[in-house]
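Reviewing the structure listed below.
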Amino acid sequence: MPVKCCFHRSPTAETMAWSENMDTLLTNQAGLDAFRTFLKSEFSEENVEFWLACEDFKKTESAEKIASKARMIYSEFIEADAPKEINIDFSTRDLISKNIAEPTLKCFDEAQKLIYSLMAKDSFPRFLKSEIYKKLVNSKEIGNHKKWLPFL
């Protein structure tokens, strides 16, 4: 069994660390799950789903997969009346539409930056004030006290 060093974060510290910045939240699976739950409650989960799809897309190596994944992202998030259409400006949407015939790994970068910015400025601060986040922090604190103070 691996030994945890003295700098290992407790579950409470880990949950509190999500408030440091959105990258900390998005790179932690439990944080990402909580954020997705929050976004679903606000009917805006397409933003994080698009961001994650772009992160996955950028790791694609074969040309065939680049083309098929790009078409999937385009049809799911970008085109007009897409099932999970994201809120981006006309010029960004138009540029992607023109470049989708010969997609590159950077074809969604501008839209991904816009969505990240939207989440960072709008959704993330609301998440930190949400009952979902507060309950997680409180439940982790109570759980930790029970570990150290079994009489609680």
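Residues in the structure tokens are named by chain (A, B, ... in the order shown) and by number from 1 within that chain; ligands are numbered from 1 in the order shown.
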
All helix (DSSP H, G or I) positions in chain A, as an MDAnalysis selection string: chainID A and resid 11:17 22:26 29:41 45:57 63:78 90:99 109:129 131:148

Pull the closest atom pair for each residue of region 98-127 of chain A that gets at most 9 Å from region 20-39 of chain A, along with the distance in Å to one decimal, counting only C-alpha atoms, ordering rows by chain and then ascending residue number, as a Markdown table.
```
| residue | atom | partner | partner_atom | distance |
| --- | --- | --- | --- | --- |
| A:Tyr116 | CA | A:Met22 | CA | 8.9 |
| A:Met119 | CA | A:Met22 | CA | 8.4 |
| A:Ala120 | CA | A:Met22 | CA | 6.4 |
| A:Ser123 | CA | A:Leu39 | CA | 7.5 |
| A:Phe124 | CA | A:Met22 | CA | 6.8 |
| A:Phe127 | CA | A:Phe38 | CA | 6.5 |
```

Spatial neighbours of region 93-110 of chain A, max dist 9 Å, only C-alpha atoms, sep filter under 4 positions, as an MDAnalysis selection string: chainID A and resid 54 57:60 63 66:67 70:71 73:74 78:79 88:89 114:115

Keeping N, CA, C and O atoms, export the residues of the selection given above as a PDB file, in the first residue's frame.
```
ATOM      1  N   CYS A  54     -13.560  18.720 -26.311  1.00  0.00           N
ATOM      2  CA  CYS A  54     -12.417  19.386 -26.953  1.00  0.00           C
ATOM      3  C   CYS A  54     -11.099  18.898 -26.363  1.00  0.00           C
ATOM      4  O   CYS A  54     -10.122  18.688 -27.098  1.00  0.00           O
ATOM      5  N   PHE A  57     -10.547  15.598 -27.861  1.00  0.00           N
ATOM      6  CA  PHE A  57     -10.266  15.778 -29.286  1.00  0.00           C
ATOM      7  C   PHE A  57      -8.807  16.152 -29.518  1.00  0.00           C
ATOM      8  O   PHE A  57      -8.155  15.646 -30.432  1.00  0.00           O
ATOM      9  N   LYS A  58      -8.258  17.032 -28.692  1.00  0.00           N
ATOM     10  CA  LYS A  58      -6.877  17.492 -28.864  1.00  0.00           C
ATOM     11  C   LYS A  58      -5.851  16.380 -28.668  1.00  0.00           C
ATOM     12  O   LYS A  58      -4.707  16.521 -29.082  1.00  0.00           O
ATOM     13  N   LYS A  59      -6.264  15.271 -28.071  1.00  0.00           N
ATOM     14  CA  LYS A  59      -5.360  14.138 -27.860  1.00  0.00           C
ATOM     15  C   LYS A  59      -5.428  13.127 -29.001  1.00  0.00           C
ATOM     16  O   LYS A  59      -4.705  12.140 -29.010  1.00  0.00           O
ATOM     17  N   THR A  60      -6.288  13.367 -29.977  1.00  0.00           N
ATOM     18  CA  THR A  60      -6.498  12.456 -31.099  1.00  0.00           C
ATOM     19  C   THR A  60      -5.273  12.451 -32.005  1.00  0.00           C
ATOM     20  O   THR A  60      -4.728  13.500 -32.325  1.00  0.00           O
ATOM     21  N   ALA A  63      -5.615  10.780 -38.410  1.00  0.00           N
ATOM     22  CA  ALA A  63      -6.353  11.741 -39.244  1.00  0.00           C
ATOM     23  C   ALA A  63      -7.822  11.344 -39.379  1.00  0.00           C
ATOM     24  O   ALA A  63      -8.707  12.211 -39.373  1.00  0.00           O
ATOM     25  N   ILE A  66      -9.571  12.226 -36.205  1.00  0.00           N
ATOM     26  CA  ILE A  66      -9.705  13.682 -36.097  1.00  0.00           C
ATOM     27  C   ILE A  66     -10.953  14.125 -36.857  1.00  0.00           C
ATOM     28  O   ILE A  66     -11.781  14.865 -36.336  1.00  0.00           O
ATOM     29  N   ALA A  67     -11.095  13.642 -38.081  1.00  0.00           N
ATOM     30  CA  ALA A  67     -12.242  14.024 -38.906  1.00  0.00           C
ATOM     31  C   ALA A  67     -13.557  13.557 -38.285  1.00  0.00           C
ATOM     32  O   ALA A  67     -14.520  14.339 -38.204  1.00  0.00           O
ATOM     33  N   ALA A  70     -14.267  15.455 -34.993  1.00  0.00           N
ATOM     34  CA  ALA A  70     -14.608  16.848 -35.291  1.00  0.00           C
ATOM     35  C   ALA A  70     -16.060  16.945 -35.763  1.00  0.00           C
ATOM     36  O   ALA A  70     -16.798  17.836 -35.327  1.00  0.00           O
ATOM     37  N   ARG A  71     -16.476  16.023 -36.632  1.00  0.00           N
ATOM     38  CA  ARG A  71     -17.867  16.030 -37.106  1.00  0.00           C
ATOM     39  C   ARG A  71     -18.833  15.782 -35.950  1.00  0.00           C
ATOM     40  O   ARG A  71     -19.893  16.405 -35.875  1.00  0.00           O
ATOM     41  N   ILE A  73     -18.344  16.465 -32.701  1.00  0.00           N
ATOM     42  CA  ILE A  73     -18.387  17.666 -31.862  1.00  0.00           C
ATOM     43  C   ILE A  73     -19.203  18.759 -32.549  1.00  0.00           C
ATOM     44  O   ILE A  73     -20.044  19.407 -31.924  1.00  0.00           O
ATOM     45  N   TYR A  74     -18.975  18.911 -33.839  1.00  0.00           N
ATOM     46  CA  TYR A  74     -19.706  19.932 -34.602  1.00  0.00           C
ATOM     47  C   TYR A  74     -21.215  19.661 -34.562  1.00  0.00           C
ATOM     48  O   TYR A  74     -22.000  20.562 -34.272  1.00  0.00           O
ATOM     49  N   ILE A  78     -22.036  22.536 -32.077  1.00  0.00           N
ATOM     50  CA  ILE A  78     -21.778  23.769 -32.822  1.00  0.00           C
ATOM     51  C   ILE A  78     -22.891  24.151 -33.795  1.00  0.00           C
ATOM     52  O   ILE A  78     -23.344  25.290 -33.808  1.00  0.00           O
ATOM     53  N   GLU A  79     -23.314  23.200 -34.627  1.00  0.00           N
ATOM     54  CA  GLU A  79     -24.268  23.566 -35.673  1.00  0.00           C
ATOM     55  C   GLU A  79     -25.578  24.082 -35.087  1.00  0.00           C
ATOM     56  O   GLU A  79     -25.923  23.761 -33.951  1.00  0.00           O
ATOM     57  N   ILE A  88     -22.032  30.469 -28.496  1.00  0.00           N
ATOM     58  CA  ILE A  88     -20.840  31.161 -28.987  1.00  0.00           C
ATOM     59  C   ILE A  88     -21.274  32.192 -30.028  1.00  0.00           C
ATOM     60  O   ILE A  88     -22.364  32.097 -30.584  1.00  0.00           O
ATOM     61  N   ASP A  89     -20.400  33.154 -30.279  1.00  0.00           N
ATOM     62  CA  ASP A  89     -20.741  34.216 -31.221  1.00  0.00           C
ATOM     63  C   ASP A  89     -20.764  33.691 -32.659  1.00  0.00           C
ATOM     64  O   ASP A  89     -20.190  32.648 -32.975  1.00  0.00           O
ATOM     65  N   LEU A 114     -13.759  30.433 -25.395  1.00  0.00           N
ATOM     66  CA  LEU A 114     -14.962  31.204 -25.071  1.00  0.00           C
ATOM     67  C   LEU A 114     -15.805  30.506 -24.006  1.00  0.00           C
ATOM     68  O   LEU A 114     -16.271  31.133 -23.056  1.00  0.00           O
ATOM     69  N   ILE A 115     -15.983  29.202 -24.171  1.00  0.00           N
ATOM     70  CA  ILE A 115     -16.798  28.434 -23.216  1.00  0.00           C
ATOM     71  C   ILE A 115     -16.104  28.345 -21.858  1.00  0.00           C
ATOM     72  O   ILE A 115     -16.732  28.479 -20.812  1.00  0.00           O
TER      73      ILE A 115
END
```

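We find CA of Trp18 (chain A) and CA of Lys134 (chain A) to be spaced 11.8 Å apart.
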
CA of Glu49 (chain A) to CA of Ile86 (chain A), distance in Å rounded to a single decimal: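 Computed distance, CA of Glu49 (chain A) to CA of Ile86 (chain A), equals 9.8 Å.
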